[in-house]
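Here's the structure we're looking at; comments come further down.
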Amino acid sequence: MSNYIWLIPAAPLAGFLINGLFGKRFPKPVVSSIACGSVFFSLVAAVLALIELLGLDPEYRSIETLLFSWIPSGAFQVDIAFLLDPLSAVMMLVVSGVGFLIHVYSIGYMAHDKEFSRFFTYLNLFTGSMLILVLANNFLLLYVGWEAVGLCSYLLIGFWYKKQSASDAGKKAFIVNRIGDFGFAIGIFMIFWTFGSLNFSQVFESAASSFQIGSSVITAITLLLFVGATGKSAQIPLYVWLPDAMEGPTPVSALIHAATMVTAGVYMVARCNVLYTLAPTSLLVVALIGAATALFAATMGLAQNDIKRVLAYSTISQLGYMFLACGVAAFTAGIFHLMTHAFFKALLFLGAGSVIHAMSNEQDMRNMGGLRSKIKTTYLTMLVGTLAIAGIPGLSGFFSKDEILWKAFSSEHGGVVFWLIGVVTAGLTAFYMFRLLFLTFFGKPRYDKHKSEHLHESPRNMLFALASLAVLSAIGGWIGIPASMGGGNHFERFMEPVFASSAALASHGENHHSHVTEYLLMTISVLFVLLMIYFAYVAYIRRPQLATSLRERFAGIHKVVYNKYYVDEIYAAVIVRPLIVISMFLWKVIDVAIIDGIANGLAYMVQSFSGSTRVMQTGYLRNYALMFLGGAIVVLAFFMSMR
Amino acid sequence: MVPLEYYLTLSAVIFAIGVLGVLTSRNLIVIFMSIEIMLNAGNLALIAFSRALGDVSGHAFVFIVFAVAAAEAAVGLAIILAVFRNRESVNADDFNIMRW
Amino acid sequence: MDQYVLTIVTALPLIGILIMLPISRKAESVLKGIAFTTSLAAFVLSLYLCINFDSSTDAMQFSVNVPWISSLGANYHVGIDGLSLWLFLLTTFLSWISIWSSWNAIKDRLKGYLISLLLLETGMLGVFMSLDLFLFYVFWEMMLVPMYFLIGIWGGVNRIYATIKFVLFTLVGSLLMLVAIIALFVMHYYATGVYSFDLTVMDDFAISSQAQRWLFAAFALAFVIKVPMFPFHTWLPDAHVQAPTAGSVILAGVLLKMGTYGFLRFCIPLFPDAFMESIPVISVLAIIGIIYGALVAMVQKDVKSLVAFSSVSHLGFVMLGMAAFNMQSMQGSIIQMINHGISTGALFLIVGMLYERRHTRMIADLGGLFTSMPVWTTFFVIVALSSIGLPFTNGFVGEFLILLGTFKVNAAYAIIAATGMILAACYMLWMLQRVVFGEITDEKNRSIRDLNLREKLILVPLVVLIFWIGIYPSTFFRPMERSIDSLLKRVAYTQIATPEIPIAEVDRNDGPMGTYRDQGE
């Protein structure tokens with residue numbers, strides 16, 4: 001039973017191998033059907049696994065399957081083994097589902113690229129690695145997936161390797177992620193030497209049973225793991241790679257840098273909920289970083305002109321939201337938002353891709369406008385996505401965002417401040433998303449004639465993906481409608497077994513708030529969002545000059561925000577350049593001048609000594625014979641004198 | 001019976017002649033011959049001691065020296081010949097390629 | 001039959017040399033064929049060793065012990081155990097690969113070149129199987145001669161400087177080691193009245209800790225230079241940059257392992273007290289090497305010297321693992337030796353293939369090679385990623401275990417050393433970016449032809465091994481487990497009186513596994 005779980009990650013990896021080895025010789029349809037087929041296979045298997053899981057009693061919904069022993073070294077034993085439980089089930093469905101749609105979309109988007117097969121090879125590798133990540137049953141295998149998706153991110157960001165900016169961005173993503181992974185790895189070492197195992201079940205069991213809340217070891221471990229999460233999920237201070245990652249093809253941005261990979265950090269924190277619950281300090285740090293990132297990134301999103309960069313900052317901001325949820329111990333809400341975000345952010349990115357495709361690779365929103373009538377399907381689907389991310393009641397984003405806001409307010413780890421930051425961020429999100437929508441689809445066209453002749457709606461398979469995601473963005477939240485709104489909140493009930501032990505650990509004095517408070521808060525946030533949408537409407541449709549004049553009035557602030565607070569420049573000046581200078585110093589001074597200087601100096605000393613003695617070698621036979629004779633006489637004289 | 005000292009004196013004189021020959025002459029052949037003279041001076045001393053002490057191992061040594069001298073003559077002359085063919089000279093002063 | 005396999009494998013290259021001697025130097029393809037066949041035969045035969053290796057014992061296997069110079073008590077005593085098995089195989093494997101790789105690279109004096117490589121192989125194999133100090137020393141010095149010629153004759157522009165530097169650095173250490181070997185011999189004679197150089201005999205010979213310090217220092221110096229550890233590493237970049245491709249492969253792949261292997265085989269079991277005392281020094285030097293090597297690699301302008309400095313960094317990990325001295329770190333350390341041989345060997349091969357075509361290795365001259373050489377680039381990227389320790393490649397298994405083991409002993413060491421993994425990503429990816437990505441800036445790079453079949457066939461086994469060790473390392477761990485275990489136990493046994501190694505700064509009091517101990521400590 002459930003022995004086929006390993007097939008879920010294995011199928012895309014097989015597709016990766018086939019396309020990687022022979023893809024160049026295959027025609028494009030074969031390549032794409034291998035790639036999409038393998039992911040579809042995973043999707044079907046994932047659905048079957050979910051059905052099987054649902055057939056079990058909730059407390060038995062945790063199935064581990066061992067494939068083989070990976071690294072056996074004395075007491076250290078790590079297996080290649082998979083864990084199927086509600087959390088990994090949700091994740092693998094999101095990954096394979098959204099992944100499949102994006103694969104289908106890519107067939108159209110990449111149709112004219114010469115390196116079609118290489119693209120799908122990487123994409124399959126990514127899907128397989130991501131599935132390993134979410135299905136791993138131990139920290140090390142999670143780490144494997146973690147680094148492997150980082151590799152795919154590197155390869156796909158730098159897919160158009162001839163562009164300097166693309167290969168720069170890929171490198172940056174990898175290295176920044178490595179910094180995060182460094183913390184993660186140290187966390188793993190600590191976990192092993194504390195618990196004697198890396199298996200999730202064993203670690204969490206022994207943590208829950210024998211550690212007190214607030215234990216310093218657990219705090220250290222969770223903080224280190226969170227360092228990893230900030231790298232992968234682009235949180236302060238390691239978020240800098242994500243905006244640059246938009247150099248990759250748009251389907252990549254949708255799949256990796258919006259829907260799946262960047263949420264790995266959230267998944268990991270949720271997976272370690274027991275550990276985090278034991279470390280309130282770490283929870284506070286997670287919540288603070290999450291809230292700060294959410295707000296900070298949202299402000300940066302306000303001033304960007306590149307359609308994909310707006311979405312990138314939006315992603316960072318939404319990830320901050322998820323961490324905020326985890327930080328107030330509302331792990332279910334975090335995962336719920338992860339799922340809905342995957343739907344609508346993938347949709348938005350694919351929509352943006354469709355716009356870029358239609359505009360022949362134009363990404364600057366200042367050169368768009370009025371596209372509403374030209375590419376109608378794209379517009380409609382993007383509208384759904386925008387409404388969903390803005391949190392308009394009824395759509396998926398509303399339920400998950402509301403859940404987070406409510407938990408941020410009501411949870412014992414939360415507080416009014418967190419709620420307030422959440423609401424402000426929600427308003428800013430609504431503002432910049434509608435700014436994007438208005439600038440792109442409304443107003444007068446700001447592109448030249450030449451472009452308008454080429455304007456075309458995307459091919460059918462791209463629209464299929466858009467439409468499917470639009471449906472999911474609209475109704476995907478309905479499985480988590482909270483009880484206060486008359487829903488069953490199936491999602492929370494489904495996830496309960498995963499978070500049961502941490503819920504049991506937490507003190508039971510949950511603050512009881514009436515439904516009235518909940519409705520009140522909800523109304524405030526929805527009204528604020530609507531207000532911000534109205535502002536966007538005013539600034540970009542009714543009085544377009546308002547935006548310009550505002551920008552001019554606050555030129556200084558705008559410049560700072562537009563330049564992303566100069567964080568990249570600061571990092572370059574404080575870390576990168578000194579490192580190069582130090583390295584040059586080590587090489588030229590320590591290595592060449594000092595160490596080699598000593599070695600060569602010794603050699604020169606020997607050489608000059610022998611240089612002064614070698615004049616005795618005249619090369620004339622007679623001189624040697626004379627010396628010989630002299631030597632013989634000296635020896636004879638010595639022996640004579642001895643007598 | 002001739003006393004041992006006479007033999008030794010003769011041997012020393014011959015040896016000194018050989019040394020002088022090596023040091024003063026320029027011709028490689030002459031140098032070579034002088035070396036042979038030195039070897040034979042040694043042989044004479046060996047034989048003399050051997051007789052005086054009544055021990056035949058001195059004789060045995062002399063035969064070894066003969067063999068070595070013969071081998072040396074063969075190799076040495078061959079080298080001189082080769083040198084002459086290359087440089088058209090047997091003058092030792094013309095060759096200082098062993099210089100530093 | 002079993003006991004002669006080692007001898008036969010070691011002698012095969014010599015037999016190849018004997019066959020080649022009478023053949024005219026002009027018959028190049030015949031000479032190449034003979035060298036290739038003998039090295040391949042040695043490799044295939046050495047596979048017999050690994051198939052018939054008994055993983056359930058820590059004893060020496062396939063051993064032969066016959067008197068050699070009986071008046072000195074020197075024996076022809078050879079054998080392998082879990083510590084040397086994989087290094088022995090790595091040697092036969094890389095020798096074969098490197099002979100194959102120099103098919104077209106060497107135009108001049110091919111015969112001498114092939115003979116040097118084969119002689120080198122015999123020397124290296126001899127070092128890994130010797131269980132007699134005298135025999136060991138003979139093989140140890142025997143490697144030096146062909147390597148001297150390989151760099152000095154077939155090397156680059158500055159080859160004479162490089163080869164003399166290499167030989168002098170190595171000799172300084174090994175002569176002191178010779179003195180120490182003789183001292184050990186004499187001390188043993190005074191204590192027991194028996195002439196012996198035999199390692200197994202010496203193992204049971206208790207040496208005063210004062211004497212241990214001096215002898216250890218002499219042995220360690222020889223090995224530390226060979227590894228090479230900071231600050232004795234400066235011969236390495238020069239030697240690598242000047243050496244021909246096959247020389248670099250052997251140098252990085254096998255010769256450097258002589259140093260680390262020497263620690264395992266000689267320094268640790270012979271002088272356990274002195275080794276334990278020197279652990280802080282070794283660890284700190286290893287960590288300096290890791291970071292220093294990585295930083296200096298980052299600013300290199302020549303791809304080959306970049307790889308050479310990265311070797312300093314990787315070997316630092318090996319030494320760190322050895323100094324941590326527990327099951328995980330030791331296994332990681334040994335597997336990392338193999339990994340480095342494979343990954344760095346492959347990197348040198350790849351750079352060599354480029355050099356054959358482009359006659360430059362300067363990063364500034366390259367760029368955009370993905371466009372002209374996609375297959376070559378693919379191999380390059382895979383190997384580079386294994387070198388920076390990506391999971392499921394060999395580098396990860398080694399570095400992870402080393403750091404894991406080190407963390408237990410000293411968390412600070414592990415944390416500082418782990419930054420080396422970040423720096424590794426920096427220098428490798430930056431180099432890749434400048435060499436293979438981007439637009440082609442120099443027109444000469446546009447017309448380079450991609451790898452031919454022979455070159456692909458050379459690289460494929462290396463890549464297979466990279467993933468094999470990364471995904472299923474049990475194959476490689478199983479044979480070494482018992483030998484490491486007994487080494488750990490033996491040192492622990494002689495160490496009862498001395499204070500324990502500091503335990504990790506983990507807050508041990510509040511964990512259920514707080515008293516968790518690894519086996520073998």
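Residue names in the structure tokens use chain letters A, B, ... in the order shown, residue numbers from 1 in each chain, and ligand numbers from 1 in the order shown.
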
### Query
Any idea what's packed within 6 Å of segment 93-98 of chain B, counting only C-alpha atoms, ignoring anything in its chain fewer than 2 positions away? Could you give it as a count of residues only?
3

Taking only C-alpha atoms into account and nothing else, which residues of chain A lie no more than 8 Å away from chain C? Please answer as an NGL selection string. :A and (69-76 or 143-144 or 147-148 or 161-164 or 167-168 or 171 or 174-175 or 178-179 or 182 or 186 or 189-190 or 193-196 or 206 or 210-211 or 215-217 or 579-580 or 582-584 or 586-587 or 591 or 595-596)

May I have a table of the residues of chain A lying at most 12 Å from chain B, giving each one's closest pair of atoms and their distance in Å to one decimal, counting only C-alpha atoms, ordered by chain and ascending residue number, as JSON lines?
```
{"residue": "A:Ser610", "atom": "CA", "partner": "B:Trp100", "partner_atom": "CA", "distance": 10.6}
{"residue": "A:Gly611", "atom": "CA", "partner": "B:Trp100", "partner_atom": "CA", "distance": 9.1}
{"residue": "A:Ser612", "atom": "CA", "partner": "B:Trp100", "partner_atom": "CA", "distance": 10.9}
{"residue": "A:Thr613", "atom": "CA", "partner": "B:Trp100", "partner_atom": "CA", "distance": 9.9}
{"residue": "A:Arg614", "atom": "CA", "partner": "B:Trp100", "partner_atom": "CA", "distance": 6.2}
{"residue": "A:Val615", "atom": "CA", "partner": "B:Trp100", "partner_atom": "CA", "distance": 6.8}
{"residue": "A:Met616", "atom": "CA", "partner": "B:Trp100", "partner_atom": "CA", "distance": 8.4}
{"residue": "A:Gln617", "atom": "CA", "partner": "B:Arg99", "partner_atom": "CA", "distance": 5.4}
{"residue": "A:Thr618", "atom": "CA", "partner": "B:Arg99", "partner_atom": "CA", "distance": 5.0}
{"residue": "A:Gly619", "atom": "CA", "partner": "B:Arg99", "partner_atom": "CA", "distance": 4.0}
{"residue": "A:Tyr620", "atom": "CA", "partner": "B:Asn96", "partner_atom": "CA", "distance": 5.4}
{"residue": "A:Leu621", "atom": "CA", "partner": "B:Ala92", "partner_atom": "CA", "distance": 6.6}
{"residue": "A:Arg622", "atom": "CA", "partner": "B:Leu23", "partner_atom": "CA", "distance": 5.3}
{"residue": "A:Asn623", "atom": "CA", "partner": "B:Leu23", "partner_atom": "CA", "distance": 7.9}
{"residue": "A:Tyr624", "atom": "CA", "partner": "B:Leu23", "partner_atom": "CA", "distance": 9.2}
{"residue": "A:Ala625", "atom": "CA", "partner": "B:Leu23", "partner_atom": "CA", "distance": 6.4}
{"residue": "A:Leu626", "atom": "CA", "partner": "B:Leu23", "partner_atom": "CA", "distance": 6.6}
{"residue": "A:Met627", "atom": "CA", "partner": "B:Leu23", "partner_atom": "CA", "distance": 10.3}
{"residue": "A:Phe628", "atom": "CA", "partner": "B:Val19", "partner_atom": "CA", "distance": 10.3}
{"residue": "A:Leu629", "atom": "CA", "partner": "B:Val19", "partner_atom": "CA", "distance": 8.1}
{"residue": "A:Gly630", "atom": "CA", "partner": "B:Val19", "partner_atom": "CA", "distance": 11.4}
{"residue": "A:Ala632", "atom": "CA", "partner": "B:Val19", "partner_atom": "CA", "distance": 11.6}
```

Write out as a PyMOL selection string which residues come within 12 Å of Met522 of chain A when counting only C-alpha atoms, dropping same-chain ones fewer than 5 positions away.
chain A and resi 391-393+398-407+409+419+422-423+426+484-485+515-517+527-529

Keeping N, CA and C atoms for every residue in the selection just given, could you write it to a file as a PDB file, in the first residue's frame?
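To be explicit, this is the file written out as selection28.pdb:
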```
ATOM      1  N   GLY A 391      -7.777  40.051  -2.215  1.00  0.00           N
ATOM      2  CA  GLY A 391      -8.594  39.592  -1.097  1.00  0.00           C
ATOM      3  C   GLY A 391     -10.023  40.057  -1.177  1.00  0.00           C
ATOM      4  N   ILE A 392     -10.585  40.043  -2.371  1.00  0.00           N
ATOM      5  CA  ILE A 392     -11.995  40.379  -2.523  1.00  0.00           C
ATOM      6  C   ILE A 392     -12.825  39.191  -2.046  1.00  0.00           C
ATOM      7  N   PRO A 393     -13.790  39.430  -1.192  1.00  0.00           N
ATOM      8  CA  PRO A 393     -14.538  38.319  -0.591  1.00  0.00           C
ATOM      9  C   PRO A 393     -15.090  37.364  -1.639  1.00  0.00           C
ATOM     10  N   PHE A 398      -9.045  35.749  -0.412  1.00  0.00           N
ATOM     11  CA  PHE A 398      -9.760  36.352   0.708  1.00  0.00           C
ATOM     12  C   PHE A 398      -9.749  35.434   1.925  1.00  0.00           C
ATOM     13  N   PHE A 399     -10.088  34.169   1.693  1.00  0.00           N
ATOM     14  CA  PHE A 399     -10.223  33.267   2.837  1.00  0.00           C
ATOM     15  C   PHE A 399      -8.885  33.044   3.530  1.00  0.00           C
ATOM     16  N   SER A 400      -7.837  32.837   2.697  1.00  0.00           N
ATOM     17  CA  SER A 400      -6.554  32.535   3.329  1.00  0.00           C
ATOM     18  C   SER A 400      -5.989  33.785   4.006  1.00  0.00           C
ATOM     19  N   LYS A 401      -6.128  34.919   3.359  1.00  0.00           N
ATOM     20  CA  LYS A 401      -5.583  36.134   3.946  1.00  0.00           C
ATOM     21  C   LYS A 401      -6.339  36.499   5.220  1.00  0.00           C
ATOM     22  N   ASP A 402      -7.631  36.330   5.149  1.00  0.00           N
ATOM     23  CA  ASP A 402      -8.438  36.648   6.319  1.00  0.00           C
ATOM     24  C   ASP A 402      -8.080  35.742   7.486  1.00  0.00           C
ATOM     25  N   GLU A 403      -7.852  34.491   7.154  1.00  0.00           N
ATOM     26  CA  GLU A 403      -7.481  33.530   8.198  1.00  0.00           C
ATOM     27  C   GLU A 403      -6.188  33.983   8.883  1.00  0.00           C
ATOM     28  N   ILE A 404      -5.226  34.407   8.052  1.00  0.00           N
ATOM     29  CA  ILE A 404      -3.953  34.837   8.623  1.00  0.00           C
ATOM     30  C   ILE A 404      -4.149  36.081   9.484  1.00  0.00           C
ATOM     31  N   LEU A 405      -4.908  37.033   8.960  1.00  0.00           N
ATOM     32  CA  LEU A 405      -5.123  38.272   9.727  1.00  0.00           C
ATOM     33  C   LEU A 405      -5.806  37.974  11.056  1.00  0.00           C
ATOM     34  N   TRP A 406      -6.767  37.107  10.983  1.00  0.00           N
ATOM     35  CA  TRP A 406      -7.498  36.770  12.212  1.00  0.00           C
ATOM     36  C   TRP A 406      -6.580  36.091  13.214  1.00  0.00           C
ATOM     37  N   LYS A 407      -5.775  35.170  12.715  1.00  0.00           N
ATOM     38  CA  LYS A 407      -4.854  34.465  13.612  1.00  0.00           C
ATOM     39  C   LYS A 407      -3.793  35.421  14.158  1.00  0.00           C
ATOM     40  N   PHE A 409      -4.196  38.354  14.846  1.00  0.00           N
ATOM     41  CA  PHE A 409      -4.820  39.143  15.897  1.00  0.00           C
ATOM     42  C   PHE A 409      -5.098  38.300  17.135  1.00  0.00           C
ATOM     43  N   TRP A 419      -1.441  42.324  13.209  1.00  0.00           N
ATOM     44  CA  TRP A 419      -2.682  42.455  12.431  1.00  0.00           C
ATOM     45  C   TRP A 419      -2.636  43.735  11.604  1.00  0.00           C
ATOM     46  N   GLY A 422      -0.416  43.476   8.746  1.00  0.00           N
ATOM     47  CA  GLY A 422      -1.073  42.632   7.750  1.00  0.00           C
ATOM     48  C   GLY A 422      -2.081  43.413   6.946  1.00  0.00           C
ATOM     49  N   VAL A 423      -2.867  44.204   7.611  1.00  0.00           N
ATOM     50  CA  VAL A 423      -3.902  44.957   6.902  1.00  0.00           C
ATOM     51  C   VAL A 423      -3.276  45.996   5.974  1.00  0.00           C
ATOM     52  N   ALA A 426      -1.987  44.305   3.045  1.00  0.00           N
ATOM     53  CA  ALA A 426      -3.081  43.899   2.165  1.00  0.00           C
ATOM     54  C   ALA A 426      -3.525  45.089   1.320  1.00  0.00           C
ATOM     55  N   SER A 484     -16.898  30.416  11.160  1.00  0.00           N
ATOM     56  CA  SER A 484     -17.632  31.643  11.468  1.00  0.00           C
ATOM     57  C   SER A 484     -18.415  32.142  10.267  1.00  0.00           C
ATOM     58  N   MET A 485     -18.019  31.696   9.065  1.00  0.00           N
ATOM     59  CA  MET A 485     -18.760  32.124   7.889  1.00  0.00           C
ATOM     60  C   MET A 485     -19.618  31.006   7.355  1.00  0.00           C
ATOM     61  N   HIS A 515     -17.301  35.985  17.551  1.00  0.00           N
ATOM     62  CA  HIS A 515     -17.398  36.124  16.112  1.00  0.00           C
ATOM     63  C   HIS A 515     -17.550  37.580  15.721  1.00  0.00           C
ATOM     64  N   VAL A 516     -18.106  38.371  16.628  1.00  0.00           N
ATOM     65  CA  VAL A 516     -18.331  39.782  16.306  1.00  0.00           C
ATOM     66  C   VAL A 516     -17.006  40.471  16.012  1.00  0.00           C
ATOM     67  N   THR A 517     -16.010  40.210  16.892  1.00  0.00           N
ATOM     68  CA  THR A 517     -14.691  40.791  16.653  1.00  0.00           C
ATOM     69  C   THR A 517     -14.182  40.372  15.292  1.00  0.00           C
ATOM     70  N   LEU A 527     -12.702  46.809   3.729  1.00  0.00           N
ATOM     71  CA  LEU A 527     -12.953  48.209   3.374  1.00  0.00           C
ATOM     72  C   LEU A 527     -11.656  48.912   3.011  1.00  0.00           C
ATOM     73  N   PHE A 528     -10.595  48.616   3.777  1.00  0.00           N
ATOM     74  CA  PHE A 528      -9.314  49.250   3.497  1.00  0.00           C
ATOM     75  C   PHE A 528      -8.805  48.856   2.110  1.00  0.00           C
ATOM     76  N   VAL A 529      -8.981  47.571   1.797  1.00  0.00           N
ATOM     77  CA  VAL A 529      -8.554  47.095   0.485  1.00  0.00           C
ATOM     78  C   VAL A 529      -9.324  47.805  -0.620  1.00  0.00           C
TER      79      VAL A 529
END
```

Practice prompt. Taking the DSSP assignment computed from this structure's backbone, write out as number ranges by chain all residues of segment 49-254 of chain C that belong to helix (DSSP H, G or I).
Written response: C: 49-51, 85-101, 110-129, 133-154, 159-192, 199-203, 209-226, 235-242, 245-254

Atom CA of Ala298 of chain A sits from atom CA of Ser317 of chain A at a separation of 5.6 Å

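Proximity to segment 451-456 of chain A at 6 Å, evaluated using only C-alpha atoms and with sequence-adjacent residues fewer than 3 positions away removed, yields Ala358, Met359 and Asp448 of chain A.
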
Let me see the file: selected residues, N, CA, C and O atoms, as a CSV table (one decimal), in the first residue's frame.
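Below you can see out-v3.csv, which holds the result:
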```
chain,number,residue,atom,x,y,z
A,358,ALA,N,2.4,38.5,-26.0
A,358,ALA,CA,1.7,39.3,-26.9
A,358,ALA,C,2.4,40.5,-27.4
A,358,ALA,O,2.3,40.9,-28.5
A,359,MET,N,3.1,41.1,-26.4
A,359,MET,CA,3.8,42.4,-26.7
A,359,MET,C,5.2,42.1,-27.3
A,359,MET,O,6.0,43.1,-27.3
A,448,ASP,N,4.1,51.5,-29.8
A,448,ASP,CA,4.1,52.0,-31.1
A,448,ASP,C,3.3,51.2,-32.1
A,448,ASP,O,2.9,50.0,-31.7
```

Pick out the residues sitting within 12 Å of Ile51 of chain C, and hand them over as a PyMOL selection string; count only C-alpha atoms, and ignore anything fewer than 2 positions along from it in its own chain. chain C and resi 2+44-49+53-55+85-86+89+475-476+479

Give me the residues near Phe49 of chain B as a PyMOL selection string, where near means some atom within 12 Å (using only C-alpha atoms) and where sequence neighbours in that chain fewer than 2 positions away do not count. chain B and resi 3-8+11+42-47+51-59+61-62

Who sits within 7 Å of Ala323 of chain C, only C-alpha atoms, same chain under 2 positions skipped, as a PyMOL selection string: chain C and resi 279+282-283+319-321+325

Residue selection dump (N, CA and C atoms) as a short mmCIF file (atom, residue, chain, number, x, y, z; two decimals), in the first residue's frame:
```cif
data_model
loop_
_atom_site.label_atom_id
_atom_site.label_comp_id
_atom_site.auth_asym_id
_atom_site.auth_seq_id
_atom_site.Cartn_x
_atom_site.Cartn_y
_atom_site.Cartn_z
N ILE C 279 45.84 17.60 17.39
CA ILE C 279 44.54 17.81 16.73
C ILE C 279 44.17 19.28 16.59
N ILE C 282 46.17 20.76 13.70
CA ILE C 282 45.74 20.25 12.39
C ILE C 282 44.40 20.86 12.01
N SER C 283 43.49 20.89 12.98
CA SER C 283 42.16 21.41 12.66
C SER C 283 42.23 22.86 12.21
N MET C 319 41.41 16.83 5.89
CA MET C 319 42.22 16.85 7.11
C MET C 319 41.36 17.20 8.32
N LEU C 320 40.40 18.07 8.12
CA LEU C 320 39.52 18.44 9.23
C LEU C 320 38.76 17.20 9.72
N GLY C 321 38.27 16.43 8.76
CA GLY C 321 37.53 15.23 9.13
C GLY C 321 38.41 14.25 9.89
N PHE C 325 38.12 12.91 14.05
CA PHE C 325 38.36 11.56 14.53
C PHE C 325 37.16 10.88 15.15
#
```
